[in-house]
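This report refers to the structure that appears directly beneath it.
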Amino acid sequence: MPNHGTGHTSSDGGQQQTAGLAFLGCGYAADFYGATLPNYPQLTLKGAFDIDGERARTFAGEFGGQAYPGLETVLADPEVTIVANLTPVSQHYAVTKAALLAGKHVYSEKPLAPTLEQATELVELAKERGLLLSSAPATVFSQSAQTLFKAVHDGLIGTPRLAHANLDMGALAFMPYTEWRSRRGVPWPYWDEVPNGCVMEHAGYQLSWLITMFGPVVRMAGHTALLLGHEWPELTEIAPDVSFGFLEFANGAVCRISIGWVAPADMTLTVVGDQGSLSVKDVWQASSPVLLQRRIKENGKTNGYLAEPQQLPFATPPARHRYDDTHDLTVGAGIADMAQTILTGGRPFLSADFSLHILDVSLRLAEGRGITETVPLVHTDDTKLTRGKTTALGHRS
């Protein structure tokens, strides 16, 4: 039976319901999560497990809870309601399946599973057992994302027609990636991420925002290339390092998306409507400003039609606790939203169906067949995937 949370004594002496959380995998990304957990009183950290016992011990020592001696001890702990699966991608399917079979709700790092078939099996298993299953990224909860969603929903640029989405991280092969360390000193796992590829690692950061604004992708085309493969002689498997896609959404908007590890860094998102445009300079930063340019009437021979950009006030306050070494991504917000759903009902914003659709589109982009294809939609009660108009984030249904 699923665990629906436990109580603990709050600072005022009363009982406050929380969901017990344990991490499976304490590598590089685990520090991002640990640093943001104090923002979410609905979560109680019970501990962590890693096949490298020292990593689990340093994680627990830094952020709290116990270092579990094995996976089975985590899954057998009745106080653990949610497990966060931060294991290598090759382990996502097996670890998540084991957790679901043990009655745990699961929040997985991206992607949900290496293949659509495996991910679909996990989604169906979670539904059969009455469990929640979500997948990163959780940047839809950032100040920037929620401000952008509200501006689009409020009609500040009229009807959205076009988006230009970029997640080009720079020429990764030329960077000192072997020297990158998390705050605890864990090295960046290039041997896992480079074979996994730029699309599977990063597409979700833009796709989750786009699908939230415009509804599901209904038609698309993608193309990929491997341009700097010779720069990784120590790796036997290398995924394409450039991806370009054309996406058509249920509400009629279209998007040109670029993802890669070759071009200079560009993490911008621009949404163009018939009354103006909105832009975010860096979707990798939770507090990146959102700029509005309204359509104006110009006289004479000019190409201009937009007013000077104005920065919109953030729709939500900043998170108090952030990982701000290289970014301030709100990675813990997705787990917190799952916990809130467990405690109060509803459905997490990052629902299993939503996560599955993002994976489906990501896999199609990664395959890059260069042909236009229809994206099938599964039957779902997630309203983000059943309509073609923009909705504001923050109202779970």
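Going through the structure tokens in order, the chains are called A, B, and so on, while each chain numbers its residues from 1 and the ligands are numbered from 1 in the order shown.
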Show me a table, sorted first by chain and then by increasing residue number, of the residues of segment 203-308 of chain A having an atom at most 12 Å from segment 321-335 of chain A, each with its shortest atom pair and the distance in Å to one decimal, counting only C-alpha atoms and written as a tab-separated table.
residue	atom	partner	partner_atom	distance
A:Tyr205	CA	A:Leu329	CA	10.4
A:Asp282	CA	A:His327	CA	10.1
A:Val283	CA	A:Leu329	CA	8.9
A:Trp284	CA	A:Leu329	CA	6.5
A:Gln285	CA	A:Asp328	CA	5.4
A:Ala286	CA	A:Leu329	CA	5.2
A:Ser287	CA	A:Asp328	CA	7.6
A:Ser288	CA	A:Asp328	CA	9.7
Sorted per-residue table, segment 201-245 of chain A near segment 346-368 of chain A, closest atoms and distance, 10 Å, only C-alpha atoms, as a tab-separated table:
residue	atom	partner	partner_atom	distance
A:Glu201	CA	A:Ser362	CA	9.3
A:His202	CA	A:Ser362	CA	9.0
A:Ala203	CA	A:Ser362	CA	6.1
A:Gly204	CA	A:Ile358	CA	6.4
A:Tyr205	CA	A:Ile358	CA	9.8
A:Gln206	CA	A:Ile358	CA	9.8
A:Leu207	CA	A:Ile358	CA	6.5
A:Ser208	CA	A:Ile358	CA	6.9
A:Ile211	CA	A:Ile358	CA	8.3
A:Thr212	CA	A:Phe354	CA	9.3
A:Pro216	CA	A:His357	CA	7.6
A:Val217	CA	A:Val361	CA	7.5
A:Val218	CA	A:Val361	CA	9.6
A:Arg219	CA	A:Val361	CA	9.7
A:Met220	CA	A:Val361	CA	8.4
A:Ala221	CA	A:Gly368	CA	7.4
A:Gly222	CA	A:Gly368	CA	4.5
A:His223	CA	A:Gly368	CA	3.9
A:Thr224	CA	A:Gly368	CA	5.0
A:Ala225	CA	A:Gly368	CA	8.4
A:Ala239	CA	A:Ala366	CA	8.6
A:Pro240	CA	A:Ala366	CA	7.7
A:Asp241	CA	A:Ala366	CA	9.7
A:Val242	CA	A:Ala366	CA	9.2
A:Ser243	CA	A:Leu365	CA	6.9
A:Phe244	CA	A:Leu365	CA	7.6
A:Gly245	CA	A:Leu365	CA	6.5
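The gap separating atom CA of Arg256 of chain A from atom CA of Ala307 of chain A is 23.7 Å, in Å to one decimal.
Distance check against Phe174 of chain A using only C-alpha atoms: of A:Ala99, A:Pro264, A:Phe249, A:Ala126, the minimum falls on A:Pro264.
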Which residues are near Ala102 of chain A? Cut-off 12 Å, only C-alpha atoms, ignore same chain within fewer than 6 positions. Put them as a short mmCIF file (atom, residue, chain, number, x, y, z; two decimals) with N, CA and C atoms, in the first residue's frame.
data_model
loop_
_atom_site.label_atom_id
_atom_site.label_comp_id
_atom_site.auth_asym_id
_atom_site.auth_seq_id
_atom_site.Cartn_x
_atom_site.Cartn_y
_atom_site.Cartn_z
N MET A 1 0.84 -1.20 0.00
CA MET A 1 0.00 0.00 0.00
C MET A 1 0.87 1.24 0.00
N PRO A 2 0.49 2.30 -0.76
CA PRO A 2 1.29 3.52 -0.77
C PRO A 2 1.27 4.22 0.57
N ASN A 3 2.38 4.84 0.90
CA ASN A 3 2.52 5.62 2.13
C ASN A 3 2.07 7.04 1.83
N LEU A 71 19.61 -0.43 -1.21
CA LEU A 71 18.35 -0.03 -1.83
C LEU A 71 17.17 -0.66 -1.13
N GLU A 72 17.31 -1.92 -0.76
CA GLU A 72 16.18 -2.62 -0.14
C GLU A 72 15.80 -2.01 1.20
N THR A 73 16.76 -1.42 1.91
CA THR A 73 16.44 -0.80 3.20
C THR A 73 15.66 0.49 3.00
N VAL A 74 15.95 1.20 1.93
CA VAL A 74 15.17 2.40 1.61
C VAL A 74 13.73 2.01 1.30
N LEU A 75 13.58 1.01 0.43
CA LEU A 75 12.24 0.62 -0.02
C LEU A 75 11.44 -0.05 1.08
N ALA A 76 12.11 -0.54 2.09
CA ALA A 76 11.40 -1.19 3.20
C ALA A 76 11.09 -0.22 4.33
N ASP A 77 11.59 1.00 4.26
CA ASP A 77 11.37 1.97 5.33
C ASP A 77 9.95 2.53 5.24
N PRO A 78 9.10 2.28 6.23
CA PRO A 78 7.71 2.75 6.16
C PRO A 78 7.59 4.27 6.26
N VAL A 80 9.42 6.35 4.52
CA VAL A 80 9.75 6.91 3.21
C VAL A 80 8.52 6.86 2.32
N THR A 81 8.00 8.02 1.97
CA THR A 81 6.83 8.12 1.10
C THR A 81 7.23 8.31 -0.35
N ILE A 82 8.26 9.14 -0.57
CA ILE A 82 8.73 9.46 -1.92
C ILE A 82 10.19 9.09 -2.04
N VAL A 83 10.56 8.48 -3.17
CA VAL A 83 11.97 8.31 -3.47
C VAL A 83 12.30 9.17 -4.69
N VAL A 95 15.30 0.96 -11.24
CA VAL A 95 15.17 1.52 -9.89
C VAL A 95 13.76 2.05 -9.66
N THR A 96 13.23 2.77 -10.63
CA THR A 96 11.86 3.30 -10.48
C THR A 96 10.85 2.17 -10.38
N LEU A 125 2.17 1.19 -14.49
CA LEU A 125 2.35 0.54 -13.19
C LEU A 125 2.00 1.49 -12.05
N ALA A 126 2.43 2.74 -12.16
CA ALA A 126 2.11 3.73 -11.13
C ALA A 126 0.60 3.93 -11.02
N ARG A 129 -1.19 1.05 -9.30
CA ARG A 129 -0.94 0.96 -7.87
C ARG A 129 -1.33 2.22 -7.11
N LEU A 131 -0.12 5.24 -7.37
CA LEU A 131 1.08 5.97 -6.97
C LEU A 131 1.36 7.11 -7.93
#
Can you tell me, as a PDB file with C-alpha atoms, in the first residue's frame, what residues are no more than 6 Å from segment 291-298 of chain A when counting only C-alpha atoms, ignoring any on the same chain fewer than 6 positions away?
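In the end it all went to around19.pdb:
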ATOM      1  CA  GLN A 275       0.429  42.033 -30.042  1.00  0.00           C
ATOM      2  CA  GLY A 276       4.089  41.796 -29.040  1.00  0.00           C
ATOM      3  CA  SER A 277       6.762  39.457 -27.731  1.00  0.00           C
ATOM      4  CA  LEU A 278       8.084  38.040 -24.451  1.00  0.00           C
ATOM      5  CA  SER A 279      11.618  36.861 -23.854  1.00  0.00           C
ATOM      6  CA  TYR A 305       7.188  47.597 -34.731  1.00  0.00           C
ATOM      7  CA  LEU A 306       7.981  46.825 -31.086  1.00  0.00           C
ATOM      8  CA  ALA A 307       8.347  49.190 -28.158  1.00  0.00           C
ATOM      9  CA  PRO A 309      11.568  46.129 -23.680  1.00  0.00           C
ATOM     10  CA  GLN A 310      10.175  46.407 -20.179  1.00  0.00           C
ATOM     11  CA  GLN A 311      10.941  43.975 -17.385  1.00  0.00           C
TER      12      GLN A 311
END
> Got a sec: who's within 12 Å of segment 61-63 of chain A, counting only C-alpha atoms, leaving out chain neighbours fewer than 3 positions off, as an NGL selection string?
Replying inline: :A and (22-23 or 26 or 30-38 or 44-48 or 54-58 or 66-67 or 183-184)
